[in-house]
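Below is the file final.txt, which contains compact mmCIF, C-alpha atoms.
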# COMPACT_ATOMS: atom_id res chain seq x y z
CA MET H 1 35.07 -1.89 128.26
CA LEU H 2 37.10 -0.17 125.60
CA ALA H 3 39.77 -2.13 123.78
CA TRP H 4 41.45 -2.29 120.40
CA MET H 5 40.96 -4.56 117.44
CA ASN H 6 43.10 -4.95 114.38
CA ARG H 7 42.16 -6.73 111.17
CA ASP H 8 43.09 -10.15 112.57
CA ALA H 9 41.10 -9.54 115.76
CA VAL H 10 38.01 -8.60 113.77
CA ALA H 11 38.39 -11.61 111.51
CA GLU H 12 38.84 -14.03 114.39
CA THR H 13 35.94 -12.51 116.32
CA LEU H 14 33.62 -12.93 113.34
CA ALA H 15 34.90 -16.41 112.51
CA THR H 16 34.72 -17.84 116.04
CA GLY H 17 32.02 -15.76 117.70
CA ARG H 18 34.40 -15.23 120.62
CA VAL H 19 35.40 -11.63 121.01
CA THR H 20 39.10 -11.15 120.40
CA TYR H 21 41.01 -7.91 120.75
CA TRP H 22 44.48 -6.73 119.87
CA SER H 23 46.67 -6.15 122.89
CA ARG H 24 48.86 -3.19 122.08
CA SER H 25 51.02 -3.79 125.15
CA ARG H 26 51.65 -7.44 124.34
CA GLY H 27 51.62 -7.06 120.58
CA ALA H 28 49.38 -10.11 120.29
CA LEU H 29 45.78 -11.15 119.84
CA TRP H 30 43.92 -11.07 123.12
CA ARG H 31 41.17 -13.66 123.29
CA LYS H 32 39.09 -12.09 126.02
CA GLY H 33 38.83 -14.52 128.91
CA GLU H 34 41.88 -16.62 128.02
CA SER H 35 43.31 -15.99 131.49
CA SER H 36 40.18 -15.20 133.48
CA GLY H 37 37.63 -17.44 131.83
CA GLN H 38 35.39 -14.39 131.47
CA VAL H 39 34.75 -14.83 127.76
CA GLN H 40 32.55 -12.70 125.56
CA ARG H 41 30.31 -14.36 123.00
CA LEU H 42 29.55 -12.04 120.11
CA VAL H 43 25.95 -11.07 119.58
CA GLU H 44 26.59 -8.36 117.00
CA LEU H 45 29.52 -6.28 115.82
CA ARG H 46 28.45 -2.79 114.81
CA LEU H 47 30.43 -0.26 112.81
CA ASP H 48 30.24 3.48 113.19
CA CYS H 49 29.49 6.13 110.61
CA ASP H 50 33.09 6.86 109.64
CA GLY H 51 34.22 3.26 109.87
CA ASP H 52 36.90 3.56 112.52
CA ALA H 53 35.14 2.31 115.65
CA LEU H 54 33.28 -0.87 116.50
CA LEU H 55 30.63 -1.57 119.10
CA ALA H 56 30.48 -5.21 120.15
CA LEU H 57 27.25 -6.41 121.68
CA VAL H 58 28.21 -9.44 123.72
CA ASP H 59 26.99 -12.14 126.00
CA GLN H 60 29.44 -11.55 128.85
CA HIS H 61 30.39 -14.58 130.90
CA GLY H 62 30.91 -13.28 134.42
CA VAL H 63 32.61 -9.91 134.62
CA ALA H 64 34.28 -7.82 131.95
CA CYS H 65 36.66 -5.84 134.14
CA HIS H 66 39.99 -7.01 135.52
CA THR H 67 38.95 -5.49 138.88
CA GLY H 68 36.16 -8.05 139.10
CA ARG H 69 33.47 -5.52 138.23
CA ARG H 70 30.86 -6.17 135.61
CA SER H 71 31.83 -3.06 133.66
CA CYS H 72 35.14 -1.26 133.38
CA PHE H 73 33.20 2.01 133.53
CA SER H 74 32.51 1.72 137.25
CA TRP H 75 33.84 5.03 138.56
CA ALA H 76 32.13 8.41 138.63
CA LEU H 77 32.15 11.65 140.54
CA ARG H 78 30.51 11.47 143.92
CA ASP H 79 30.68 14.48 146.26
CA GLY H 80 33.45 15.97 144.17
CA ALA H 81 35.71 12.92 144.06
CA MET H 82 35.98 9.85 141.88
CA ALA H 83 34.40 6.86 143.53
CA ALA H 84 33.58 3.29 142.60
CA ILE H 85 29.89 3.07 141.79
CA ALA H 86 29.72 -0.71 141.47
CA PRO H 87 31.27 -3.37 143.69
CA PRO H 88 33.45 -6.23 142.50
CA GLU H 89 31.35 -9.29 141.72
CA ALA H 90 34.34 -11.60 141.47
CA ASP H 91 37.73 -11.77 143.16
CA PRO H 92 40.49 -10.81 140.71
CA LYS H 93 42.88 -13.14 142.51
CA ALA H 94 40.54 -16.02 141.80
CA LEU H 95 40.11 -14.92 138.17
CA TYR H 96 43.78 -14.44 137.42
CA GLY H 97 45.38 -16.78 139.92
CA THR H 98 47.79 -14.22 141.32
CA MET P 1 29.29 7.76 119.31
CA LEU P 2 32.97 7.69 120.03
CA ALA P 3 34.86 10.95 120.31
CA TRP P 4 37.80 12.45 122.12
CA MET P 5 38.06 14.66 125.17
CA ASN P 6 41.05 16.50 126.52
CA ARG P 7 41.37 18.10 129.92
CA ASP P 8 39.57 21.27 128.83
CA ALA P 9 36.72 19.28 127.27
CA VAL P 10 36.21 17.29 130.46
CA ALA P 11 36.30 20.44 132.57
CA GLU P 12 33.81 22.28 130.36
CA THR P 13 31.51 19.26 130.20
CA LEU P 14 31.43 18.99 133.99
CA ALA P 15 31.08 22.74 134.50
CA THR P 16 28.29 23.33 131.99
CA GLY P 17 26.54 19.96 131.83
CA ARG P 18 26.74 20.18 128.05
CA VAL P 19 28.91 17.48 126.56
CA THR P 20 31.97 18.96 124.90
CA TYR P 21 34.61 17.02 123.00
CA TRP P 22 38.00 17.82 121.55
CA SER P 23 38.06 17.88 117.78
CA ARG P 24 41.42 16.50 116.74
CA SER P 25 40.85 17.56 113.13
CA ARG P 26 39.95 21.15 114.02
CA GLY P 27 42.24 21.42 117.03
CA ALA P 28 39.43 23.02 119.01
CA LEU P 29 36.77 22.25 121.56
CA TRP P 30 33.70 20.74 119.95
CA ARG P 31 30.53 21.62 121.78
CA LYS P 32 28.33 18.82 120.50
CA GLY P 33 25.37 20.34 118.71
CA GLU P 34 26.91 23.73 118.05
CA SER P 35 26.20 23.31 114.33
CA SER P 36 23.36 20.82 114.36
CA GLY P 37 21.50 21.79 117.50
CA GLN P 38 21.66 18.15 118.57
CA VAL P 39 23.13 18.83 121.99
CA GLN P 40 23.92 16.29 124.67
CA ARG P 41 23.08 17.07 128.28
CA LEU P 42 25.31 15.19 130.67
CA VAL P 43 23.65 12.71 132.98
CA GLU P 44 26.83 11.12 134.28
CA LEU P 45 30.46 10.90 133.24
CA ARG P 46 32.00 7.55 134.10
CA LEU P 47 35.66 6.64 134.17
CA ASP P 48 37.12 3.25 133.36
CA CYS P 49 39.35 1.01 135.44
CA ASP P 50 42.65 2.27 134.08
CA GLY P 51 41.57 5.88 133.85
CA ASP P 52 42.00 6.48 130.13
CA ALA P 53 38.45 6.23 128.80
CA LEU P 54 35.20 7.94 129.66
CA LEU P 55 31.62 6.84 129.18
CA ALA P 56 29.18 9.74 129.00
CA LEU P 57 25.58 8.96 129.79
CA VAL P 58 23.62 11.70 128.09
CA ASP P 59 20.22 13.07 127.39
CA GLN P 60 20.52 13.28 123.59
CA HIS P 61 18.54 16.01 121.88
CA GLY P 62 17.54 14.57 118.52
CA VAL P 63 20.17 12.45 116.85
CA ALA P 64 23.82 11.88 117.73
CA CYS P 65 25.13 10.96 114.29
CA HIS P 66 26.02 13.34 111.47
CA THR P 67 24.16 10.99 109.11
CA GLY P 68 20.93 11.82 110.93
CA ARG P 69 20.82 8.50 112.74
CA ARG P 70 20.23 8.23 116.45
CA SER P 71 23.50 6.34 116.97
CA CYS P 72 26.74 6.42 115.03
CA PHE P 73 26.93 2.64 115.47
CA SER P 74 24.23 1.97 112.91
CA TRP P 75 25.97 -0.44 110.57
CA ALA P 76 26.39 -4.19 110.91
CA LEU P 77 26.89 -7.31 108.84
CA ARG P 78 23.78 -8.49 107.07
CA ASP P 79 24.04 -11.35 104.59
CA GLY P 80 27.80 -10.97 104.47
CA ALA P 81 27.87 -7.26 103.77
CA MET P 82 27.83 -4.12 105.89
CA ALA P 83 24.39 -2.58 105.92
CA ALA P 84 22.67 0.25 107.72
CA ILE P 85 20.54 -1.21 110.51
CA ALA P 86 18.80 2.04 111.47
CA PRO P 87 17.29 4.70 109.23
CA PRO P 88 18.07 8.41 109.42
CA GLU P 89 15.63 10.16 111.73
CA ALA P 90 16.69 13.62 110.61
CA ASP P 91 17.90 15.13 107.36
CA PRO P 92 21.61 16.00 107.61
CA LYS P 93 21.06 18.88 105.19
CA ALA P 94 18.52 20.34 107.57
CA LEU P 95 20.82 19.81 110.56
CA TYR P 96 23.94 21.27 109.01
CA GLY P 97 22.48 23.64 106.45
CA THR P 98 24.52 22.36 103.57
Please, can you express the file's structure as structure tokens?
Amino acid sequence: MLAWMNRDAVAETLATGRVTYWSRSRGALWRKGESSGQVQRLVELRLDCDGDALLALVDQHGVACHTGRRSCFSWALRDGAMAAIAPPEADPKALYGT
Amino acid sequence: MLAWMNRDAVAETLATGRVTYWSRSRGALWRKGESSGQVQRLVELRLDCDGDALLALVDQHGVACHTGRRSCFSWALRDGAMAAIAPPEADPKALYGT
């Protein structure tokens, strides 16, 4: 998955070991899994060469994607059209209660 | 590495199989490796669940990072300070001729 962190999100992630992002749409810290229970425990937070991107290695509880797939990057070209390349492993309705 | 693509970069990447980004600083297509020779051959381009991020699986010739490291994400916290966690595998001066 790709998401955003601000200074507070980085600080909280490092302090708690639970990966926390910054939700630009909600304007609030987003503690991954707070709705779905699909939390991410931090293994290592890596910084890139120009210091503006982070790579979080995590222990993913359940699935990372809101579609119920393990990875958000679950679509690719197949026979000239975008297609899902991995099935949902969890029911989003069960994860989010909607 | 994390970089940007625009429509033309995606199209050229898919057409040629050579990963091409959009350089926001130069305002031009950036054919990865055009200066360094460290090209990326596309294995698969994956799209995320909300369609605004791509994950390129590549066959990386040499190193991806301008510092000569295999990965741009080669820094992490060690004893409370950011430290390089992987050594350069190539000399940037040799790659870029400067």
So that each row is one residue of chain H with an atom at most 12 Å from chain P, can you give its shortest atom pair and the distance in Å to one decimal, using all atoms listed in the file, rows by chain and rising number, as a Markdown table?
| residue | atom | partner | partner_atom | distance |
| --- | --- | --- | --- | --- |
| H:Met1 | CA | P:Asp48 | CA | 7.5 |
| H:Leu2 | CA | P:Ala53 | CA | 7.3 |
| H:Ala3 | CA | P:Ala53 | CA | 9.8 |
| H:Leu14 | CA | P:Leu77 | CA | 9.9 |
| H:Val43 | CA | P:Ala76 | CA | 11.1 |
| H:Glu44 | CA | P:Ala76 | CA | 7.4 |
| H:Leu45 | CA | P:Ala76 | CA | 6.2 |
| H:Arg46 | CA | P:Ala76 | CA | 4.6 |
| H:Leu47 | CA | P:Trp75 | CA | 5.0 |
| H:Asp48 | CA | P:Phe73 | CA | 4.1 |
| H:Cys49 | CA | P:Cys72 | CA | 5.2 |
| H:Asp50 | CA | P:Cys72 | CA | 8.3 |
| H:Gly51 | CA | P:Trp75 | CA | 9.1 |
| H:Asp52 | CA | P:Leu2 | CA | 9.4 |
| H:Ala53 | CA | P:Leu2 | CA | 7.3 |
| H:Leu54 | CA | P:Phe73 | CA | 7.3 |
| H:Leu55 | CA | P:Phe73 | CA | 6.7 |
| H:Ala56 | CA | P:Phe73 | CA | 9.8 |
| H:Leu57 | CA | P:Phe73 | CA | 11.0 |
| H:Ala64 | CA | P:Cys49 | CA | 10.8 |
| H:Cys65 | CA | P:Cys49 | CA | 7.5 |
| H:His66 | CA | P:Cys49 | CA | 8.0 |
| H:Thr67 | CA | P:Cys49 | CA | 7.4 |
| H:Gly68 | CA | P:Cys49 | CA | 10.3 |
| H:Arg69 | CA | P:Cys49 | CA | 9.2 |
| H:Arg70 | CA | P:Cys49 | CA | 11.1 |
| H:Ser71 | CA | P:Asp48 | CA | 8.2 |
| H:Cys72 | CA | P:Asp48 | CA | 4.9 |
| H:Phe73 | CA | P:Asp48 | CA | 4.1 |
| H:Ser74 | CA | P:Asp48 | CA | 6.2 |
| H:Trp75 | CA | P:Leu47 | CA | 5.0 |
| H:Ala76 | CA | P:Arg46 | CA | 4.6 |
| H:Leu77 | CA | P:Leu45 | CA | 7.5 |
| H:Arg78 | CA | P:Glu44 | CA | 10.3 |
| H:Gly80 | CA | P:Leu14 | CA | 10.8 |
| H:Ala81 | CA | P:Leu47 | CA | 11.7 |
| H:Met82 | CA | P:Leu47 | CA | 8.4 |
| H:Ala83 | CA | P:Leu47 | CA | 9.4 |
| H:Ala84 | CA | P:Leu47 | CA | 9.3 |
| H:Ile85 | CA | P:Arg46 | CA | 9.1 |
| H:Ala86 | CA | P:Arg46 | CA | 11.3 |
| H:Pro88 | CA | P:Cys49 | CA | 11.7 |
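Every protein or nucleic acid residue with an atom no more than 7 Å from Arg31 (chain P), counting all atoms listed in the file and leaving out same-chain residues fewer than 5 positions away, appears here: Val19, Thr20 and Tyr21 of chain P.
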Taken to one decimal, the CA of Gly37 (chain P)-CA of Gly62 (chain P) distance is 8.3 Å
Can you measure CA of Val10 (chain H) to CA of Val63 (chain H) for me? One decimal in Å is fine.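 Between CA of Val10 (chain H) and CA of Val63 (chain H) the gap is 21.6 Å.
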| request: Using only C-alpha atoms, determine which residues lie at most 9 Å from Leu95 (chain P), disregarding the query and same-chain residues fewer than 3 positions distant; provide the list as a ChimeraX atom specification. | output: /P:35-38,66,68,90-92,98
> Within 9 Å of Gly17 (chain H), counting all atoms listed in the file, which residues qualify if same-chain residues fewer than 5 places away don't, as a PyMOL selection string?
Replying inline: chain H and resi 12+40-43
Counting only C-alpha atoms, the residue among H:Ala94, H:Ala9, H:Trp30, H:Arg18 that lies closest to Gln60 (chain H) is H:Arg18
- Nearest to His61 (chain P), chosen from P:Ala15, P:Pro87, P:Arg26, P:Lys32, with only C-alpha atoms counted in the distances: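 Under the stated criterion, the closest residue is P:Lys32.
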query: So what do you get for CA of Glu89 (chain P) versus CA of Asp59 (chain P), distance-wise?
result: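 So the answer is 16.6 Å.
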For Ser23 (chain H), the nearest of the candidates H:Asp79, H:Lys93, H:Val58, H:Met5, counting only C-alpha atoms
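Using only C-alpha atoms, the shortest distance to Ser23 (chain H) belongs to H:Met5.
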Might I get the box with edges along x, y and z of the file that holds all atoms of region 76-79 of chain H listed there, padded by 8 Å on every side, given as centre and edge lengths in Å to one decimal, as lines of an AutoDock Vina configuration file?
center_x = 31.3
center_y = 11.4
center_z = 142.4
size_x = 17.6
size_y = 22.1
size_z = 23.6
